[in-house]
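Asker: Data file entry31.cif (mmCIF, C-alpha atoms) is appended below.
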```
data_coords
#
loop_
_atom_site.label_atom_id
_atom_site.label_comp_id
_atom_site.auth_asym_id
_atom_site.auth_seq_id
_atom_site.Cartn_x
_atom_site.Cartn_y
_atom_site.Cartn_z
CA MET G 6 -25.67 -72.55 18.37
CA VAL G 7 -23.81 -75.20 16.36
CA PHE G 8 -23.62 -75.03 12.57
CA THR G 9 -21.51 -78.18 12.24
CA SER G 10 -22.77 -80.78 9.76
CA ASP G 11 -24.25 -84.02 11.15
CA GLU G 12 -21.32 -85.97 9.73
CA ASP G 13 -18.70 -83.71 11.34
CA LEU G 14 -20.64 -83.67 14.59
CA ALA G 15 -20.67 -87.48 14.72
CA ILE G 16 -16.88 -87.55 14.27
CA ALA G 17 -16.40 -84.80 16.87
CA ASN G 18 -18.64 -86.52 19.44
CA GLU G 19 -16.94 -89.88 18.96
CA TYR G 20 -13.48 -88.30 19.31
CA SER G 21 -14.50 -86.43 22.46
CA ALA G 22 -16.03 -89.53 24.07
CA LEU G 23 -13.32 -92.06 23.18
CA GLY G 24 -10.23 -89.90 22.67
CA TYR G 25 -9.82 -91.25 19.13
CA ILE G 26 -11.55 -92.17 15.89
CA ILE G 27 -10.73 -94.96 13.45
CA ARG G 28 -11.92 -94.44 9.86
CA PRO G 29 -11.13 -95.67 6.34
CA ASN G 30 -8.31 -93.69 4.74
CA ALA G 31 -9.96 -90.66 3.16
CA ASP G 32 -7.82 -91.04 0.02
CA LYS G 33 -7.11 -94.60 -1.03
CA ASP G 34 -4.65 -93.59 -3.77
CA ALA G 35 -2.64 -91.63 -1.22
CA TYR G 36 -2.50 -94.67 1.04
CA LYS G 37 -1.40 -96.93 -1.83
CA TRP G 38 1.31 -94.40 -2.69
CA ILE G 39 2.60 -94.30 0.90
CA GLN G 40 2.55 -98.07 1.37
CA GLN G 41 4.24 -98.67 -1.99
CA SER G 42 6.84 -95.93 -1.48
CA THR G 43 7.68 -97.29 1.96
CA ALA G 44 8.17 -100.82 0.62
CA ARG G 45 10.34 -99.52 -2.23
CA VAL G 46 12.51 -97.32 -0.01
CA ALA G 47 12.88 -100.23 2.44
CA ALA G 48 13.84 -102.66 -0.33
CA ASN G 49 16.33 -100.13 -1.63
CA ALA G 50 17.87 -99.79 1.86
CA LEU G 51 18.35 -103.56 1.87
CA ASN G 52 19.74 -103.60 -1.70
CA ILE G 53 17.03 -105.93 -2.92
CA GLY G 54 14.53 -105.62 -5.79
CA LYS G 55 11.02 -104.14 -5.69
CA PRO G 56 8.69 -106.39 -3.62
CA SER G 57 5.86 -108.14 -5.46
CA ASP G 58 3.50 -107.83 -2.48
CA ASP G 59 4.18 -104.66 -0.46
CA GLU G 60 2.14 -105.54 2.62
CA LYS G 61 3.55 -109.07 2.90
CA PHE G 62 7.08 -107.70 2.49
CA LEU G 63 6.54 -105.20 5.32
CA ASN G 64 4.85 -107.75 7.60
CA GLU G 65 7.79 -110.13 7.18
CA ILE G 66 10.67 -107.66 7.35
CA HIS G 67 11.97 -109.37 10.52
CA ASN G 68 13.20 -112.18 8.24
CA LEU G 69 15.52 -109.67 6.52
CA VAL G 70 16.59 -107.24 9.28
CA LYS G 71 18.27 -108.16 12.55
CA PRO G 72 17.06 -106.36 15.70
CA SER G 73 20.53 -104.84 16.15
CA ALA G 74 20.30 -103.24 12.69
CA LEU G 75 16.69 -102.12 13.06
CA ASN G 76 17.19 -98.51 14.15
CA ASP G 77 19.66 -97.71 11.36
CA PHE G 78 17.32 -99.36 8.86
CA ARG G 79 14.31 -97.43 10.23
CA LEU G 80 16.21 -94.14 9.97
CA LYS G 81 17.20 -94.86 6.37
CA VAL G 82 13.58 -95.59 5.44
CA ILE G 83 12.05 -92.55 7.13
CA GLN G 84 14.77 -90.23 5.82
CA GLY G 85 14.16 -91.63 2.32
CA LEU G 86 10.42 -91.07 2.64
CA ASN G 87 10.69 -87.58 4.12
CA ALA G 88 12.91 -86.66 1.15
CA LEU G 89 10.01 -87.37 -1.26
CA PRO G 90 8.27 -84.01 -1.96
CA GLU G 91 4.77 -85.55 -2.13
CA PHE G 92 5.02 -87.49 1.12
CA ARG G 93 3.48 -84.99 3.53
CA LEU G 94 0.73 -83.98 1.11
CA MET G 95 -0.22 -87.66 0.65
CA TYR G 96 -0.23 -88.13 4.41
CA PHE G 97 -2.47 -85.12 4.96
CA ARG G 98 -4.92 -86.37 2.31
CA LEU G 99 -5.45 -89.61 4.29
CA ALA G 100 -7.12 -87.76 7.14
CA LYS G 101 -8.16 -84.36 5.72
CA PRO G 102 -11.94 -84.59 6.37
CA TYR G 103 -11.40 -86.03 9.86
CA LEU G 104 -8.89 -83.33 10.76
CA GLU G 105 -11.31 -80.67 9.53
CA ALA G 106 -14.02 -82.10 11.79
CA ILE G 107 -11.80 -82.44 14.85
CA VAL G 108 -9.22 -79.66 14.53
CA GLY G 109 -10.29 -77.14 11.92
CA ASN G 110 -9.39 -76.15 8.39
CA GLU G 111 -6.41 -73.88 9.02
CA LEU G 112 -3.82 -76.41 10.03
CA ALA G 113 -0.18 -76.70 11.01
CA MET G 114 1.48 -80.06 10.28
CA GLN G 115 4.56 -81.67 11.80
CA GLN G 116 7.51 -81.14 9.46
CA ARG G 117 8.94 -84.66 9.66
CA ILE G 118 6.66 -87.70 9.79
CA ASN G 119 7.77 -90.44 12.19
CA LEU G 120 8.03 -94.15 11.46
CA SER G 121 7.78 -96.98 13.97
CA ILE G 122 8.82 -100.55 13.12
CA GLN G 123 8.13 -103.12 15.79
CA MET G 124 9.40 -106.59 15.02
CA PRO G 125 8.06 -109.69 16.83
CA ASN G 126 9.56 -110.09 20.33
CA ASP G 127 11.91 -107.12 19.84
CA SER G 128 12.20 -105.05 23.00
CA SER G 129 14.40 -102.36 21.42
CA SER G 130 11.60 -100.29 19.90
CA LEU G 131 9.10 -100.15 22.71
CA LEU G 132 7.33 -96.91 23.47
CA PRO G 133 6.71 -96.71 27.23
CA VAL G 134 3.46 -95.21 28.47
CA HIS G 135 3.45 -91.43 28.00
CA ALA G 136 1.35 -88.50 26.88
CA ASP G 137 2.98 -86.19 24.32
CA THR G 138 1.91 -83.18 26.38
CA TRP G 139 4.17 -84.33 29.23
CA SER G 140 7.10 -83.80 26.84
CA GLY G 141 6.10 -80.36 25.67
CA ASP G 142 3.45 -80.96 23.02
CA SER G 143 0.49 -78.60 23.05
CA PRO G 144 -2.86 -80.08 24.15
CA PHE G 145 -4.26 -78.57 20.94
CA GLU G 146 -2.44 -81.20 18.86
CA VAL G 147 -3.84 -84.48 17.50
CA VAL G 148 -1.89 -87.43 16.09
CA VAL G 149 -2.72 -89.01 12.75
CA TRP G 150 -1.49 -92.61 13.12
CA LEU G 151 -1.26 -94.68 9.98
CA PRO G 152 -0.71 -98.47 9.97
CA LEU G 153 0.88 -99.90 6.81
CA VAL G 154 -0.09 -103.43 7.90
CA ASN G 155 -2.98 -104.81 9.97
CA CYS G 156 -2.39 -103.91 13.63
CA PHE G 157 -4.10 -106.13 16.19
CA GLY G 158 -3.38 -107.73 19.57
CA THR G 159 0.05 -106.76 20.88
CA LYS G 160 0.96 -105.51 17.39
CA ALA G 161 -1.36 -102.56 18.05
CA MET G 162 -1.00 -99.54 20.35
CA TYR G 163 -3.00 -98.79 23.47
CA LEU G 164 -4.63 -95.64 24.82
CA LEU G 165 -6.00 -94.72 28.24
CA PRO G 166 -9.57 -93.43 27.64
CA PRO G 167 -10.51 -89.87 28.69
CA THR G 168 -12.34 -90.70 31.94
CA GLU G 169 -9.62 -93.02 33.21
CA SER G 170 -6.98 -90.55 32.03
CA ALA G 171 -8.53 -87.75 34.11
CA LYS G 172 -8.29 -89.97 37.21
CA PHE G 173 -4.68 -90.84 36.37
CA SER G 174 -3.89 -87.14 35.97
CA ASP G 175 -5.22 -86.37 39.45
CA ASP G 176 -2.83 -88.94 40.84
CA PHE G 177 0.10 -87.92 38.64
CA SER G 178 2.47 -86.69 41.35
CA ALA G 179 2.32 -90.10 43.00
CA ARG G 180 2.66 -92.12 39.79
CA GLY G 181 4.29 -89.93 37.11
CA GLY G 182 7.87 -90.31 38.33
CA SER G 183 7.67 -94.04 38.84
CA SER G 184 9.07 -96.36 36.23
CA SER G 185 7.06 -96.66 33.02
CA GLU G 186 6.56 -100.30 33.82
CA SER G 187 4.92 -99.57 37.16
CA ILE G 188 2.75 -96.88 35.55
CA PHE G 189 1.64 -99.40 32.94
CA GLU G 190 0.94 -102.01 35.62
CA SER G 191 -1.33 -99.54 37.37
CA ILE G 192 -3.39 -98.81 34.23
CA LYS G 193 -3.15 -102.05 32.24
CA ASN G 194 -6.72 -103.10 33.00
CA GLU G 195 -8.06 -99.72 31.93
CA VAL G 196 -6.21 -99.14 28.63
CA LYS G 197 -7.90 -99.80 25.32
CA TRP G 198 -6.00 -101.67 22.58
CA LEU G 199 -6.78 -100.07 19.23
CA GLU G 200 -7.13 -102.51 16.36
CA VAL G 201 -6.46 -100.59 13.17
CA LYS G 202 -6.39 -102.32 9.80
CA SER G 203 -4.27 -101.58 6.78
CA GLY G 204 -6.41 -99.08 4.82
CA GLN G 205 -7.68 -97.35 7.96
CA VAL G 206 -6.38 -94.32 9.81
CA LEU G 207 -6.45 -93.50 13.52
CA VAL G 208 -6.71 -89.93 14.81
CA PHE G 209 -6.11 -89.74 18.57
CA ASP G 210 -5.72 -87.29 21.42
CA GLN G 211 -2.00 -87.33 22.24
CA SER G 212 -2.66 -85.83 25.69
CA LEU G 213 -4.08 -89.21 26.75
CA PRO G 214 -1.49 -91.72 28.04
CA HIS G 215 -0.58 -94.23 25.32
CA GLY G 216 2.21 -96.53 24.18
CA ASN G 217 2.94 -100.05 22.99
CA ARG G 218 4.16 -103.33 24.47
CA LEU G 219 6.27 -106.20 23.23
CA ASN G 220 4.87 -107.38 19.91
CA ASN G 221 4.02 -111.03 20.54
CA GLU G 222 2.38 -111.52 17.15
CA SER G 223 4.21 -113.27 14.31
CA GLU G 224 4.28 -110.18 12.04
CA THR G 225 6.13 -106.85 12.14
CA ARG G 226 4.22 -103.65 12.85
CA TRP G 227 4.84 -100.68 10.55
CA SER G 228 3.11 -97.47 11.54
CA MET G 229 3.61 -93.76 10.95
CA ASN G 230 2.58 -90.85 13.11
CA CYS G 231 2.30 -87.14 12.51
CA ARG G 232 0.92 -84.27 14.58
CA PHE G 233 -1.56 -81.63 13.40
CA LYS G 234 -3.00 -78.59 15.17
CA GLY G 235 -4.94 -75.42 14.44
CA VAL G 236 -2.39 -72.98 13.10
CA PHE G 237 -3.52 -70.18 15.43
CA THR G 238 -3.90 -72.31 18.58
CA PRO G 239 -1.27 -72.14 21.35
CA TYR G 240 2.04 -73.94 20.72
CA GLY G 241 3.87 -75.94 23.38
CA ASP G 242 7.61 -76.57 23.29
CA LYS G 243 7.33 -77.51 19.60
CA LYS G 244 7.18 -74.28 17.66
CA PRO G 245 6.18 -73.21 14.15
CA GLY G 246 9.20 -73.42 11.86
CA GLU G 247 11.23 -75.80 13.99
CA PHE G 248 8.60 -78.57 14.34
CA PHE G 249 5.34 -77.42 12.72
CA GLU G 250 4.57 -75.75 9.42
CA PRO G 251 1.30 -74.06 8.38
CA ILE G 252 -0.21 -76.05 5.50
CA THR G 253 -3.68 -74.62 4.86
CA LEU G 254 -3.60 -70.90 5.63
CA ARG G 255 -6.64 -69.13 4.18
CA PRO G 256 -6.62 -65.78 2.34
CA ALA G 257 -8.42 -63.88 5.11
CA SER G 258 -5.76 -64.95 7.62
CA LYS G 259 -2.95 -64.04 5.24
CA ARG G 260 -4.56 -60.65 4.68
CA GLY G 261 -5.11 -60.16 8.40
CA MET G 262 -1.52 -61.00 9.27
CA SER G 263 -0.14 -58.42 6.86
CA TYR G 264 -2.74 -55.70 7.44
CA THR G 265 -1.80 -52.37 8.99
CA LEU G 266 -4.11 -49.46 9.75
CA PRO G 267 -3.67 -46.37 7.56
CA LYS G 268 -1.02 -43.93 8.79
CA ILE G 269 -2.37 -40.77 10.32
CA SER G 270 0.85 -38.77 10.71
CA MET F 28 32.95 -97.29 25.59
CA ASN F 29 31.25 -95.55 28.54
CA LYS F 30 27.52 -95.09 28.18
CA LEU F 31 25.81 -91.82 29.10
CA ARG F 32 22.04 -91.39 29.41
CA GLY F 33 20.95 -88.19 27.66
CA TYR F 34 18.73 -85.72 29.52
CA ILE F 35 16.88 -82.88 27.81
CA PHE F 36 14.09 -80.44 28.65
CA ALA F 37 10.62 -79.90 27.24
CA ARG F 38 10.32 -76.44 28.81
CA PRO F 39 12.44 -73.30 29.24
CA PHE F 40 15.14 -73.45 31.94
CA MET F 41 16.52 -70.42 33.76
CA GLY F 42 15.36 -68.13 30.96
CA GLU F 43 16.90 -70.29 28.21
CA ARG F 44 15.20 -72.50 25.65
CA ALA F 45 16.35 -74.89 22.91
CA PRO F 46 14.28 -77.07 20.57
CA GLN F 47 14.42 -80.73 21.59
CA HIS F 48 16.02 -81.88 18.33
CA VAL F 49 18.74 -79.25 18.77
CA GLN F 50 19.36 -80.43 22.35
CA ASN F 51 19.79 -83.97 21.00
CA ILE F 52 22.27 -82.79 18.35
CA ILE F 53 24.38 -81.07 21.03
CA LEU F 54 24.34 -84.23 23.20
CA ARG F 55 25.43 -86.36 20.23
CA ASP F 56 28.21 -83.93 19.36
CA TYR F 57 29.49 -83.84 22.96
CA CYS F 58 29.51 -87.65 23.21
CA ASN F 59 31.20 -88.06 19.80
CA LYS F 60 33.95 -85.63 20.75
CA LYS F 61 34.52 -87.13 24.21
CA GLY F 62 34.25 -90.78 23.11
CA PHE F 63 31.05 -91.69 24.98
CA GLU F 64 28.16 -93.78 23.75
CA LEU F 65 24.96 -91.73 23.97
CA LEU F 66 21.85 -93.55 25.12
CA LEU F 67 18.44 -92.24 24.03
CA ALA F 68 17.72 -89.04 25.92
CA ALA F 69 15.06 -88.88 28.62
CA THR F 70 12.90 -85.77 28.27
CA GLU F 71 11.97 -83.96 31.48
CA TYR F 72 8.28 -83.29 31.91
CA ALA F 73 6.94 -79.94 30.76
CA MET F 74 5.33 -79.19 34.12
CA PRO F 75 7.07 -76.25 35.91
CA ASP F 76 9.84 -77.31 38.35
CA SER F 77 9.40 -81.02 37.55
CA SER F 78 12.51 -83.16 37.98
CA MET F 79 10.53 -86.42 38.06
CA ILE F 80 12.21 -87.77 34.95
CA LEU F 81 15.64 -86.90 36.35
CA GLU F 82 14.71 -88.86 39.47
CA SER F 83 13.81 -91.93 37.39
CA VAL F 84 17.08 -91.57 35.43
CA LEU F 85 18.94 -91.48 38.77
CA ASP F 86 17.05 -94.60 39.89
CA ASP F 87 18.46 -96.34 36.83
CA LEU F 88 22.10 -95.23 37.39
CA ASP F 89 23.30 -98.83 37.71
CA SER F 90 22.74 -99.44 34.01
CA VAL F 91 24.80 -96.43 32.78
CA ASP F 92 28.16 -94.72 33.41
CA GLY F 93 26.69 -91.28 33.82
CA ILE F 94 24.16 -88.70 32.68
CA VAL F 95 24.70 -86.02 30.05
CA PHE F 96 22.52 -82.90 30.43
CA TYR F 97 22.03 -80.53 27.53
CA SER F 98 22.91 -77.70 29.95
CA LEU F 99 23.89 -77.35 33.59
CA TYR F 100 21.01 -74.88 33.93
CA GLN F 101 18.68 -77.89 33.73
CA LEU F 102 19.79 -79.04 37.16
CA PRO F 103 17.04 -78.70 39.82
CA THR F 104 16.66 -75.12 41.02
CA SER F 105 16.55 -76.21 44.67
CA THR F 106 20.01 -76.37 46.27
CA THR F 107 19.04 -79.36 48.42
CA GLN F 108 17.81 -81.27 45.38
CA ARG F 109 20.98 -80.45 43.44
CA GLN F 110 23.21 -81.62 46.29
CA SER F 111 21.23 -84.84 46.38
CA VAL F 112 21.81 -85.32 42.63
CA TYR F 113 25.58 -84.77 43.03
CA SER F 114 25.90 -87.11 46.00
CA ARG F 115 23.85 -89.92 44.45
CA VAL F 116 25.91 -89.81 41.26
CA LEU F 117 29.30 -89.54 42.98
CA ALA F 118 28.43 -92.22 45.56
CA SER F 119 27.68 -94.59 42.68
CA GLY F 120 31.03 -93.82 41.04
CA LYS F 121 29.26 -92.28 38.03
CA SER F 122 29.57 -88.84 36.40
CA LEU F 123 27.46 -85.88 35.30
CA HIS F 124 28.13 -84.05 32.03
CA PHE F 125 26.83 -80.74 30.68
CA ALA F 126 27.10 -80.62 26.91
CA VAL F 127 26.65 -76.91 26.13
CA GLU F 128 29.12 -75.81 28.78
CA GLY F 129 31.51 -78.73 28.15
CA MET F 130 31.75 -79.25 31.91
CA SER F 131 31.51 -82.42 33.98
CA ILE F 132 31.39 -83.65 37.56
CA ALA F 133 33.31 -86.83 38.25
CA LYS F 134 34.51 -85.97 41.79
CA GLN F 135 33.44 -83.71 44.66
CA ASP F 136 35.94 -80.97 43.68
CA ASP F 137 34.17 -80.55 40.33
CA VAL F 138 30.91 -79.51 41.98
CA ASP F 139 32.10 -76.00 42.86
CA SER F 140 32.63 -74.82 39.28
CA VAL F 141 29.15 -75.94 38.27
CA GLU F 142 27.55 -74.41 41.37
CA GLN F 143 29.35 -71.10 40.77
CA CYS F 144 28.04 -70.91 37.20
CA LEU F 145 24.52 -71.61 38.42
CA LEU F 146 24.65 -69.03 41.18
CA VAL F 147 26.12 -66.34 38.92
CA LYS F 148 23.46 -66.99 36.29
CA ALA F 149 20.69 -66.82 38.91
CA THR F 150 22.13 -63.56 40.27
CA LEU F 151 22.52 -61.99 36.82
CA ASP F 152 18.79 -62.40 36.31
CA ASN F 153 18.39 -59.83 39.10
CA CYS F 154 21.08 -57.42 37.84
CA VAL F 155 20.73 -54.55 35.38
CA SER F 156 21.39 -55.83 31.89
CA GLU F 157 22.27 -52.51 30.30
CA VAL F 158 23.75 -49.27 31.53
CA GLU F 159 22.92 -46.03 29.74
CA VAL F 160 25.81 -43.56 29.80
#
```
Translate the structure of the given file into structure tokens.
Answerer:
Amino acid sequence: MVFTSDEDLAIANEYSALGYIIRPNADKDAYKWIQQSTARVAANALNIGKPSDDEKFLNEIHNLVKPSALNDFRLKVIQGLNALPEFRLMYFRLAKPYLEAIVGNELAMQQRINLSIQMPNDSSSLLPVHADTWSGDSPFEVVVWLPLVNCFGTKAMYLLPPTESAKFSDDFSARGGSSSESIFESIKNEVKWLEVKSGQVLVFDQSLPHGNRLNNESETRWSMNCRFKGVFTPYGDKKPGEFFEPITLRPASKRGMSYTLPKIS
Amino acid sequence: MNKLRGYIFARPFMGERAPQHVQNIILRDYCNKKGFELLLAATEYAMPDSSMILESVLDDLDSVDGIVFYSLYQLPTSTTQRQSVYSRVLASGKSLHFAVEGMSIAKQDDVDSVEQCLLVKATLDNCVSEVEV
């Protein structure tokens, strides 16, 4: 028996079939806040004034930052953003209804949101093919991936769909220790490139192999990613407190966790 | 400045465990103190007994001066596999470093100290840990 609403069921079925969903940001004000805050923190890191067009500024950041200075710049921006008290709440609001349909309503959220900046033709920030579970993430986790600019072509990320991923997994011992490049070569015709526009959010299954390639487009990619899971589902190598934090514990769970039976002696 | 490839674990090792970000902090601290440049750490797969990532790091030895492990207890548990790691690294004129223990292997004579620590640790797991008097 399934009591899920038709809307939630549609999201759940699409996620199960494809390994991801792409939807409009569930809270447009939260998205505006994140995009604007990112542009402001980035401008501040470069000692320049507030940009007049946030998205254009982000898309063209390669005109202001050299590839050799990119990682330090990226760290300054993400540290600046993670220091803003509202940041994680805003991020959660972007995907709340989708997370509730896919994961549940008692959630744990990654403590520090990640930022990826991929400038045109820059090979220093590539993310080789991987599944997060191979590095200790629990298969109960999903990633909320937020583009701050339009992501298309090689400016986007790719994902190996569930059916192809299952075949890859069966053959893992033969292919998993090879170089990332040879793994990618063996799956490049099967991966799906995910076009996600500014104003949309992607929720994907991080246990499916994914990554990015050299950005051959003329604009810089800015994207954020953050993991969510059911608070009472099994944890992998990334534990509550050191990587995850419960964000929506309900009263019955709080009561249950502190309850003790009456003493009888 | 000599470049070391970091190597950390995504699973417990010989009864020990450390969060990945803590492992990275220890690697950075070791390299800062010893004057090495730390290259982004490779994370070993979470699957039990996997050393597939270590193998791919060894395949790429030409591009680095050595490998820095978070701990020597992350070496492969099989003696044959460990000997193969030591000989590949030493034959290439490179070095192995173990950040927590502050130990390193740059020549054949250094292998013994590391092996002794490993064997003692493995044996202690089978010894009584407490004696009631």
Asker: For chain F, work out the contacting residues on chain G at 12 Å, counting all atoms listed in the file, and write them as a ChimeraX atom specification.
Answerer: /G:76,117,129-130,133,135-144,177-187,240-249
Asker: Point out the residue among F:Asp137, F:Asp56, F:Glu157, F:Asp152 with the least atom-to-atom distance to F:Leu123, counting all atoms listed in the file.
Answerer: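 Looking only at the distances to F:Leu123, the closest residue turns out to be F:Asp137.
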Asker: Pull the neighbourhood of (0.0, -99.9, 16.7) for me: all residues within 7 Å in file coordinates, counting only C-alpha atoms, as a list in words.
Answerer: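 Answer for this query, in the requested form: Pro152, Cys156, Lys160, Ala161, Met162, Asn217, Arg226 and Ser228 of chain G.
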Asker: Pull C-alpha atoms from the residues just selected and write them as a PDB file, in the frame of the given file.
Answerer:
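File written: selection-v1.pdb
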```pdb
ATOM      1  CA  PRO G 152      -0.710 -98.470   9.970  1.00  0.00           C
ATOM      2  CA  CYS G 156      -2.390-103.910  13.630  1.00  0.00           C
ATOM      3  CA  LYS G 160       0.960-105.510  17.390  1.00  0.00           C
ATOM      4  CA  ALA G 161      -1.360-102.560  18.050  1.00  0.00           C
ATOM      5  CA  MET G 162      -1.000 -99.540  20.350  1.00  0.00           C
ATOM      6  CA  ASN G 217       2.940-100.050  22.990  1.00  0.00           C
ATOM      7  CA  ARG G 226       4.220-103.650  12.850  1.00  0.00           C
ATOM      8  CA  SER G 228       3.110 -97.470  11.540  1.00  0.00           C
TER       9      SER G 228
END
```
Asker: On this structure, the PyMOL selection byres ((chain F and resi 113) around 12) would catch which residues? List them as a count of residues only, sorted by chain and number.
Answerer: 34
Asker: Figure out the distance between atom CA of G:Met124 and atom CA of G:Glu195, please, to one decimal in Å.
Answerer: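 Separating atom CA of G:Glu195 from atom CA of G:Met124 is a distance of 25.3 Å.
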Asker: Could you check which of G:Val108, G:Ala22, G:Leu75, G:Leu99 is closest to G:Phe233, using all atoms listed in the file?
Answerer: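 Residue with the minimum atom-to-atom distance to G:Phe233: G:Val108.
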